[in-house]
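Asker: Quick one: structure below, then a few questions.
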Amino acid sequence: MKYLVLILCFFGINFMISQDLLLEAESFDEKGGWVVDPQFIEQMGSSYLLAHGMGVPVENAQTQVNFKKNGEYKVWVRTKNWVPGEWEAPGKFQIKVNGLVLENTLGLRSGWGWEYAGAVQITNKKNTLELVDLTGFNGRCDAIYFTTSDIEPPSSVKKLATWRKTVVMEPLAPKITKKYDLVVVGGGIAGCAAAIAAAEQGLQVALIHDRPVLGGNASSEIRVHTLGIYGNFERILKKLDTEHYPNGSPEAHKDQIKRDNNVKSYENVSLFLNWRAYDAKAVENKISYVDARQTASAESIRFEAPLFVDSTGDGWIGFWAGAEFSYGRESVDQYGEEWKEHGELWSPKQPDNAVMGSSVLWRSYEAEEVAEFPEVPWAMPVARDYAKVKGEWQWEFSRNDLNQIDDAEEIRDHMLRAIYGSFGNAKKLPENANRKLEWVSYLVGKRESRRLVGDYIFTLNDAKSGRTFPDGVVEETREVDVHYQTVLEDEKNPDFISEALFYKTPKYYIPYRSLYSKNISNLFMAGRNFSTSHVGLGGPRVMRTTGQMGAAVGFAASLCKKYDVNPRDIYTGYLDEYMNLIEEQKYTPIPDSKK
Amino acid sequence: MKIIIAVILFSGLGLVWIQKTDVIPTSVSQNKTLSNKPEFFVMEWREGMVLENKPTPFFIEVETMGNQNVDILVTAHDRPVLYTADICTPVCADGECRLMYITIYWNLLGAYAGYDKVEGQTLTKHDHVEFLKQDYEKLHHLLIDDNSILKRKKIDELVLKPKESELDGVDAIAGATIAEVKESVVDGALYSCYVAWNIAHGPIKAELQEYTTSNFDNKLKGYMLMSSEVDYQMYALNSLSESEYFDYKDRIVQIFKSGIPLVRTYIVQNLPKLFWESESLQRPFWESFAEVDINNRSLLLNHIQEAPIEVLLLLASNLELMTKNQLKLYLSAIENIAMTNPDINAQLLRFAESGKHTYAYIVAEFLEEME
Ligand SMILES: Cc1cc2nc3c(=O)[nH]c(=O)nc-3n(C[C@H](O)[C@H](O)[C@H](O)COP(=O)(O)OP(=O)(O)OC[C@H]3O[C@@H](n4cnc5c(N)ncnc54)[C@H](O)[C@@H]3O)c2cc1C
């Protein structure tokens, strides 16, 4: 009963009499058709369960709850109506206790907070609790709170955090500490490549990743195919990359198995799947540990290491540790990244906070029989009259009042409205009578957010000129492409569709100095959060390139260990050896153990 | 093999643009006029306008056909309006070449403006089938797209290699156009489309723009600013000095109201500071709050701390237009007067209690915390 927290009430007067129990929804024994969504913990306080049924109510989630005392309990549920407005809430659900449905339908309140489900008489120690989805349209349940008192739990995120800690009496720090040579956070292609490269050089590596499968945007959960070249790291990257199937294709599953098996085959990679880092502590600009929590149970671990890799895509480790970072577009003059033909769309005269957007990929199929799709009035303000039966990379959303990290839930939800609304429109056409939704991701695939600042900031000019560097460890031939929302040119366009501007470049290189933090002495970064300008990211954000970055820092980490030095010292003192090691990768035969 | 022949010809295209100083135009343009709106045209055309052709030093050299002059079209008052060229170019597919005739127009900044058929000549597709009306339209749409996929692909990348197409069961000889391209080009006329696009969007674009800008004066600036053409507006705005922003302030407000989001953004982002220091200068922009797009509302709200009280009031009646973060920004700006200013307070209550707005709860929570 690890998930169950039973406490005596903490509010003075009720002390001794009140019984309270807080149950995190993500810790349910059986999730049924509900999925754990840990994407927005930093914003709304916790992982939650999501009824992602694409319009068909999902199977009940169920769990056992033990009560110490019998009596009447008030049941509160932390939830929200994800599209409040003049329509029925899209994501409604109910709570069942011991087979009995509680009085109130849930998922109706605006903004995350507690909704009163009803009162329940507890007469046995053991009880069954169920979440009953009513709509299949993304109802969400964060936690369930049973109390004998009349006090409503606090809704505001600030108060809630303190309250939660009091209620569950959560220790301030993880009780368990683990030590490694290298801790890699974020298991996208970049993070996986970093872990493998370091492990091959004999380092003990922890790879912390908040999903059940590896690959980030390339995973079978998001399904973006990998682009770019292998550079020096063909052998490693072939273990991780994908075939060139259309984005969103179920063929991603095959590559998923390959990738997961390959990473798991390294004995000295300790893989923490479904673990999400939530803090990093730096003392005198050196990270001493990263704390992470299991996304479904509340278990936490402190990870200590002399070196860390931030491959979270969002630069979380750097952010928590106080690393310098940038977000948004530089002014055109800052690095001289003008492309006259596309002017402000490419690079603006004044800096701003625009970035490339996030996507939710989806597809449908022709069923044998006529298939119904419900009315989705709550989706129409977004979809308007757009009618489509699948969504590729152009289904992208970015708006200057939304931050790709802080507002990621709203961005994901906006895309869900775009998808359900557009599919609903398409379903009204006779030729789509048999169309059924096959797959809609609930994970938001990001392109750009925080970019950590390194000793070198890679820009368009490095790509344009094909500039070589003594520490050029990553190489790429793919053109630079930067996206913009088509609604900027014509308000009649849907606001969730983008367009790409391609700038052809010669082969270009990224220096190692863009892959470690300028001010946090033991932090590497690999992936789209490397040190680059907004336009500079346009080329190397693709996943074989980010994979190259990962491999490059993995090898650098091995030399850091060998000489007990920091990432920067590799550039200043051990560059020849490092570049030789990189060069050798082209030829390194596959070790027997991995054949 | 047949494909390869065509490819060689077209990959040559890029190289045949010759520096204007090196070669003397082979023909001199005759005195022509344009009195009708071109058949396919993206710009506004003033009825009754008669434009006269005048030579420019520019030309497009087409392989085996020599140089084709680019003229400037001017009004009776000698004001430049368009550039134009009568193009005659070979189009080769499957080893067979034929001539394509087309008159192309560019605007003063070198952007594609439209085209006309050449009298007595039709455009043809594969097997000499003539273009239908919708084919001409499609070509026009393709030419409008300055970001077309044709821009970054060589012709041989645009057709499936026979080997692949055999797999797909499509005609192996002509080569099947890849799906993405197929959507944008005229069926059976990939090569014509490719050639036309590359002429319209070739280096001549930049040359013409440069030519205009080297003759750019206040008259032209005024003309562009008054125009409804987006790139003219943008170009003119970009050339304004701080004092000119004041001279043209009414027009700028007008563009802000009616322009596309991108131009509006440019305006808010580049308005001289003095606008935000003056109540009367900034007010008209706030008054457009309801009319402009979400992004521009955010950009306006970035200046909320500089806004006078009347603006805060005006915005209070527009709460339903604001997104979550915009509301938060607004609320933080009125924090100190939310409870004391009865008008604002009434608007907040109205909104919070309406029960139909997605973000009403933000205001409700705000009011709760204020109490
Ligand atoms: C729709 C779309 C289409 C694209 N098209 C292409 C394409 O065709 N080819 C291509 O190569 N690229 C493409 N890209 C770009 C590419 O997928 C991204 O740039 C990608 O994010 C780069 O990989 P990464 O490893 O840096 O990050 P990610 O793939 O985002 O991986 C980072 C991982 O870290 C995990 N994570 C984050 N925070 C934490 C934490 N605190 N603790 C633990 N784990 C954490 C995340 O869950 C994530 O899975 C596309 C992107 C999108 C969205």
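In the structure tokens, the first chain shown is A, the next is B, and so on; residue numbers restart at 1 for each chain, and ligands run from 1 in the order shown.
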Distance limit 6 Å, reference ligand 1, atoms considered: only C-alpha atoms and all ligand atoms. Which residues make the cut? Give them as a PyMOL selection string.
Answerer: chain A and resi 185-190+208-211+216-217+224-227+275-278+311-313+316+358-359+393+445-447+527-528+541-544+546
Asker: Using only C-alpha atoms, I'd like every residue of chain B that has an atom within 9 Å of chain A; please write them out as a PyMOL selection string.
Answerer: chain B and resi 146-147+151-152+206+260-263+266+269-270+293-296+298-299+323-326+355-362+365
Asker: From a backbone DSSP assignment, name each residue in region 354-566 of chain A labelled alpha helix (DSSP H), as a VMD selection string.
Answerer: chain A and resid 380 to 383 408 to 427 460 to 465 534 to 537 543 to 563
Asker: Please list as an NGL selection string every residue within 10 Å of Ile334 (chain B), counting only C-alpha atoms and excluding residues in the same chain fewer than 5 positions away.
Answerer: :B and (304-305 or 309 or 312-313 or 316 or 329 or 339 or 341 or 344-345)
Asker: Keeping only C-alpha atoms, write those residues as a compact mmCIF listing (two decimals), in the first residue's frame.
Answerer:
```
# COMPACT_ATOMS: atom_id res chain seq x y z
CA ILE B 304 0.32 48.03 -20.44
CA GLN B 305 2.40 49.59 -17.72
CA ILE B 309 -6.19 54.81 -17.12
CA LEU B 312 -7.17 50.18 -18.76
CA LEU B 313 -10.86 50.92 -18.78
CA ALA B 316 -11.81 46.07 -19.13
CA LEU B 329 -0.85 40.58 -17.52
CA MET B 339 -11.17 47.48 -6.06
CA ASN B 341 -12.13 52.04 -9.62
CA ILE B 344 -13.11 48.49 -13.76
CA ASN B 345 -14.43 46.61 -10.77
```
Asker: Would you kindly return, as an NGL selection string, each protein, DNA or RNA residue with an atom no farther than 8 Å from any atom of Phe67 (chain A), considering only C-alpha atoms and excluding same-chain residues fewer than 3 positions away?
Answerer: :A and (6 or 70 or 122 or 124-127)
Asker: Looking only at the backbone, which of the residues in region 147-231 of chain A does DSSP tag as strand (DSSP E), as a list of chain:residue names?
Answerer: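 Across region 147-231 of chain A, those assigned strand (DSSP E) are A:Thr147, A:Ile176, A:Thr177, A:Lys178, A:Lys179, A:Leu182, A:Val183, A:Val184, A:Val185, A:Val205, A:Ala206, A:Leu207, A:Ile208, A:His209.
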Asker: Generate a file of the selected residues that holds N, CA and C atoms, formatted as an mmCIF file, in the first residue's frame.
Answerer:
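After the write, part.cif holds the following:
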```cif
data_model
loop_
_atom_site.group_PDB
_atom_site.id
_atom_site.type_symbol
_atom_site.label_atom_id
_atom_site.label_comp_id
_atom_site.auth_asym_id
_atom_site.auth_seq_id
_atom_site.Cartn_x
_atom_site.Cartn_y
_atom_site.Cartn_z
ATOM 1 N N THR A 147 -11.862 13.026 3.264
ATOM 2 C CA THR A 147 -11.702 13.698 4.547
ATOM 3 C C THR A 147 -12.987 13.625 5.360
ATOM 4 N N ILE A 176 16.886 7.961 -0.710
ATOM 5 C CA ILE A 176 17.905 7.143 -1.374
ATOM 6 C C ILE A 176 18.825 8.030 -2.207
ATOM 7 N N THR A 177 20.120 7.773 -2.118
ATOM 8 C CA THR A 177 21.069 8.480 -2.975
ATOM 9 C C THR A 177 21.833 7.449 -3.791
ATOM 10 N N LYS A 178 21.984 7.727 -5.089
ATOM 11 C CA LYS A 178 22.776 6.830 -5.929
ATOM 12 C C LYS A 178 23.876 7.630 -6.581
ATOM 13 N N LYS A 179 25.029 6.961 -6.756
ATOM 14 C CA LYS A 179 26.192 7.669 -7.314
ATOM 15 C C LYS A 179 26.615 7.061 -8.639
ATOM 16 N N LEU A 182 28.327 9.476 -14.483
ATOM 17 C CA LEU A 182 27.646 10.434 -15.343
ATOM 18 C C LEU A 182 26.147 10.236 -15.200
ATOM 19 N N VAL A 183 25.438 11.335 -15.031
ATOM 20 C CA VAL A 183 23.978 11.255 -14.985
ATOM 21 C C VAL A 183 23.423 11.988 -16.199
ATOM 22 N N VAL A 184 22.662 11.249 -17.010
ATOM 23 C CA VAL A 184 22.062 11.822 -18.212
ATOM 24 C C VAL A 184 20.571 11.970 -17.956
ATOM 25 N N VAL A 185 20.036 13.156 -18.134
ATOM 26 C CA VAL A 185 18.604 13.359 -17.919
ATOM 27 C C VAL A 185 17.919 13.664 -19.243
ATOM 28 N N VAL A 205 26.770 4.889 -15.858
ATOM 29 C CA VAL A 205 25.868 5.960 -16.299
ATOM 30 C C VAL A 205 24.450 5.731 -15.785
ATOM 31 N N ALA A 206 23.805 6.803 -15.322
ATOM 32 C CA ALA A 206 22.359 6.741 -15.056
ATOM 33 C C ALA A 206 21.666 7.511 -16.160
ATOM 34 N N LEU A 207 20.647 6.889 -16.744
ATOM 35 C CA LEU A 207 19.846 7.578 -17.755
ATOM 36 C C LEU A 207 18.430 7.709 -17.198
ATOM 37 N N ILE A 208 18.033 8.944 -16.930
ATOM 38 C CA ILE A 208 16.733 9.204 -16.303
ATOM 39 C C ILE A 208 15.781 9.733 -17.365
ATOM 40 N N HIS A 209 14.672 9.054 -17.520
ATOM 41 C CA HIS A 209 13.757 9.434 -18.599
ATOM 42 C C HIS A 209 12.324 9.302 -18.103
#
```
Asker: I'd like to know which of A:Asn522, A:Asn461, A:Asn261, A:Gln394 is closest to Asp495 (chain A), using only C-alpha atoms.
Answerer: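 The closest residue to Asp495 (chain A) is A:Gln394.
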